[in-house]
Amino acid sequence: MVYYKMVIIPAIDLKGGECVRLLQGREDEVTSYSKNPSEMAKKWVSEGAELIHLVDLDGAFSGDQKNLESIKAIRDAVDVDLELGGGIRDLDRIDMLIDMGINRVILGTVAVENPALVIEAAQKYPGKIIVGIDAKDGRVAVKGWVEVTSTDAMELAAAMEQQGVAGIIYTDIARDGMMTGPNISAMRSMVDQVDIPVIASGGVSKMEDIEKLMMINDLWGIISGKALYEGTVSLSEAINKAKGVRTDNSSK
């Protein structure tokens, strides 16, 4: 038996100042769940969240943050750690977000297009820079998942670890928002690829999916979005489960 704590992380995706979810990252497949994201953040904290995953979807598509007021309101509303990604592509923006009180900044597109920025940011803010790797069939997608590159996701993760990033958020695009379950084998391969923390994202639809991900030894955390908003997963139940005891049957 292994005693451990895995972090269950609710996601708040921001678009036009609202809390929404996109289907497989498609900008035209939007479901709005709340016009008050800060109240949603307080709800997740009341259910036990210790970390909230924020995505500025407008920023991801345009390269410029469009939801700063909502982000500030969330920061003012809750005391837990916040991680934020979406359109963060220069050091000035990273400086501003850190000064705003964002605990960890997620870099995605720039990890492929401008790795020098990742190095600079990781050196300036040790422990505060993480890389989001969104993959389709093992290849990295950028610019809000609009473009799929030839870059191998596993190779990018290994390179980012060498540059000093604090962790990796790995999303399987094909599973995101589809409620079809996570890609367990791909997630296990990513955890095996690096020694820094890996957070799983995409595909969680029910408690059994979280239990399967929990069987991956050394997986640091799990992000859940649509399943929480649709009520097929209880955040408090998932958090309690993740603080429990399990038999480790993973390959690592």
# chains A, B, ... in the order shown; residues from 1 in each chain; ligands from 1
>>> residues_around(residues="A:Ile8", least_positions_apart="2", cutoff="10 Å", atoms="only C-alpha atoms", output="list in words")
Lys5, Met6, Pro10, Ala11, Gly48, Ala49, Glu50, Leu51, Ile52, Ile199, Ala200, Ile210, Trp220, Gly221, Ile222, Ile223, Ser224, Leu235, Ser236, Ala238, Ile239, Asn240, Lys241, Ala242 and Lys243 of chain A
>>> select_by_dssp(residues="stretch 176-228 of chain A", states="alpha helix (DSSP H)", output="number ranges by chain")
A: 184-193, 207-214, 226-228
>>> select_by_dssp(residues="stretch 36-227 of chain A", states="strand (DSSP E)", output="PyMOL selection string")
chain A and resi 51-56+81-85+104-107+129-136+139-142+147-152+167-172+198-201+221-224
>>> residues_around(residues="A:Gly225", least_positions_apart="2", cutoff="12 Å", atoms="only C-alpha atoms", output="MDAnalysis selection string")
chainID A and resid 8:14 19:23 31 33 40 44 52:55 176:179 200:206 222:223 227:235
>>> residues_around(residues="stretch 101-108 of chain A", least_positions_apart="2", cutoff="8 Å", atoms="only C-alpha atoms", output="NGL selection string")
:A and (75 or 81-86 or 88-89 or 94 or 97-99 or 110-112 or 118 or 127-134 or 142)
>>> closest_residue(among="A:Ala135, A:Ala60, A:Ile216, A:Ile74", to="A:Lys43", atoms="only C-alpha atoms")
A:Ile74
>>> residues_around(residues="A:Lys66", least_positions_apart="5", cutoff="8 Å", atoms="only C-alpha atoms", output="list in words")
Lys15, Gly16, Asp56, Asp58 and Gly59 of chain A
>>> closest_residue(among="A:Leu57, A:Leu68, A:Val191, A:Val80", to="A:Met154", atoms="only C-alpha atoms")
A:Val191
>>> closest_residue(among="A:Leu91, A:Met100, A:Ile119, A:Ala41", to="A:Val78", atoms="only C-alpha atoms")
A:Ala41
>>> closest_residue(among="A:Asn114, A:Gln162, A:Gly244, A:Pro37", to="A:Asp76", atoms="only C-alpha atoms")
A:Pro37
>>> closest_residue(among="A:Glu120, A:Thr151, A:Asp92, A:Gly17", to="A:Ile71", atoms="only C-alpha atoms")
A:Gly17
